[in-house]
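Reading through the structure tokens given below for one structure.
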Amino acid sequence: MLQKLRDQIQIGLTRISESRESQFAILGEDLSTTKNAGEWKTTFSGDLDDIKTRRDTLKEKSRIVEQWKNAENRRVVVQAEIQDLEAAYANARNELEIHFEDIGAAAFDLYQQTPSSFDETADLLNDMQDLESVIREKEQELQRLETEAKPSSFLSRTLNRGRGMVIRGSLKTREIQRGRRLKLVGEHICESIGLPDLPEGSSLAKQLAPLQGATERLRDVRQRLADAKEEAESIDNERIAIERGERMRNPVKNLEHDIHRIRAELSEIYTNLGHRYYESTAREERVSERISRTVVAIARFDAETDRYEKLLVRVDAGLAMVELEKKKQKLDTERLSLSEKIEALELAQADIQVQIDAKARVRGNQGTLKLPKGRQPTKKNDGSEAAGDSGSS
């Protein structure tokens with residue numbers, strides 16, 4: 001029963017100690033945040049400055065971690081959005097791709113009539129114009145070669161055939177280039193947001209009219225994709241800036257370790273400050289109602305601790321008495337056992353004494369234990385005496 005009570009007292013003391021220490025931490029933190037001035041601030045200015053420095057560091061590291069994690073979350077969302085938009089863009093482009101070359105050809109025809117209508121596509125159409133000029137020159141060269149009089153010599157005819165093959169090959173290559181460039185112009189026209197008003201009845205207007213919905217979808221998806229990629233680049237730049245500032249790649253783990261360490265250090269500083277303030281005369285100052293309540297709470301814990309410790313002393317005395325009673329009982333048992341042994345030994349001793357007395361009576365007076373006179377035993381002699389006696393007889 002007493003041991004159970006002692007265990008309960010120990011649990012109570014542990015609970016009180018933990019609660020008391022938490023109140024010291026609360027007291028220290030409240031002291032570091034209160035705006036109320038007083039002499040106590042001068043006394044503990046070093047602690048308060050240390051706390052402020054660590055708090056500022058903690059705040060900055062926490063801000064960087066939050067910024068990094070927000071960037072990571074946004075990056076995941078934006079990357080998923082980019083994948084969806086790229087798929088949507090590919091679908092919208094595939095829907096229009098078969099029309100690109102025709103749209104490019106119509107745009108090139110209109111460009112030749114009104115070049116100023118195509119500011120955004122001017123470079124592509126200028127290149128197209130240069131290519132058309134080269135193609136016309138090659139066609140004219142081939143036409144001259146085919147229409148001029150045939151040379152009489154075999155070598156000249158062979159050379160002309162070779163030149164013709166080279167020109168036709170060049171024209172074929174440029175026709176392929178022409179188709180690719182017309183497709184490129186058509187794709188640019190479909191994606192262009194700033195396309196001017198087209199003359200009614202123009203070939204380009206006729207080409208684009210039935211494709212208006214598809215081209216608007218393509219432009220919308222392309223713009224959204226460009227915006228998403230720009231945001232992704234901005235996020236990457238933000239992460240790179242954080243890494244450069246912390247001088248390490250992916251610094252979150254290290255920052256979180258620092259945050260955990262600083263919080264532990266602050267908790268220890270709060271507790272120490274609370275202890276020192278409580279044990280000093282500064283606690284007599286009325287800093288704030290909250291701090292006064294915490295001081296009273298600690299005093300109550302002290303009183304409760306005192307009651308528990310006094311009770312513990314009494315319980316320990318009771319437990320010591322129990323142990324002493326056990327030792328006393330053990331000694332009593334050992335003494336009883338020894339008494340029984342002594343009694344047995346005394347009985348054995350008495351019995352032996354009886355036997356001694358009986359033998360003494362049989363023995364009689366020890367001084368009378370002698371041989372009768374004239375009956376002394378013959379002394380032993382050597383053989384010569386024995387021989388002499390026998391001769392005389």
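Scheme for the structure tokens: letters A, B, ... for chains in order shown; per-chain residue numbers from 1; ligand numbers from 1 in order shown.
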
So that I can check the surroundings of Ser267 of chain A, please list as a tab-separated table (two decimals) with N, CA and C atoms, in the first residue's frame every protein, DNA and RNA residue that reaches within 9 Å of it, counting only C-alpha atoms and ignoring chain neighbours fewer than 6 positions away.
chain	number	residue	atom	x	y	z
A	25	ALA	N	8.69	28.28	-19.28
A	25	ALA	CA	8.85	28.56	-20.71
A	25	ALA	C	7.85	29.61	-21.17
A	28	GLY	N	8.98	32.99	-19.78
A	28	GLY	CA	10.10	33.55	-20.54
A	28	GLY	C	9.66	34.09	-21.89
A	29	GLU	N	8.78	33.35	-22.58
A	29	GLU	CA	8.30	33.80	-23.89
A	29	GLU	C	7.46	35.07	-23.76

TODO: Please return as a VMD selection string: the residues of segment 270-383 of chain A that backbone DSSP assigns to helix (DSSP H, G or I).
DONE: chain A and resid 270 to 279 281 to 284 289 to 363 366 to 368 383

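Nearest to Ser45 of chain A of all the residues A:Tyr111, A:Lys370, A:Arg217, A:Leu31 is A:Leu31, based on only C-alpha atoms.
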
Open item on the list: Excluding segment 234-240 of chain A and its own-chain neighbours fewer than 6 positions away, which residues fall within 9 Å of it when counting only C-alpha atoms? Please give them as a ChimeraX atom specification.
Closed with: /A:67-68,71-72,74-75,249-250

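Between atom CA of Gln212 of chain A and atom CA of Gly179 of chain A the interatomic distance comes to 22.8 Å.
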
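With only C-alpha atoms as the basis for measurement, A:Ala37 is the residue among A:Leu371, A:Ala37, A:Ile26, A:Ile16 that approaches Val287 of chain A most closely.
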
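Atom pair atom CA of Gln112 of chain A / atom CA of Ile189 of chain A has a distance of 15.5 Å (rounded to one decimal).
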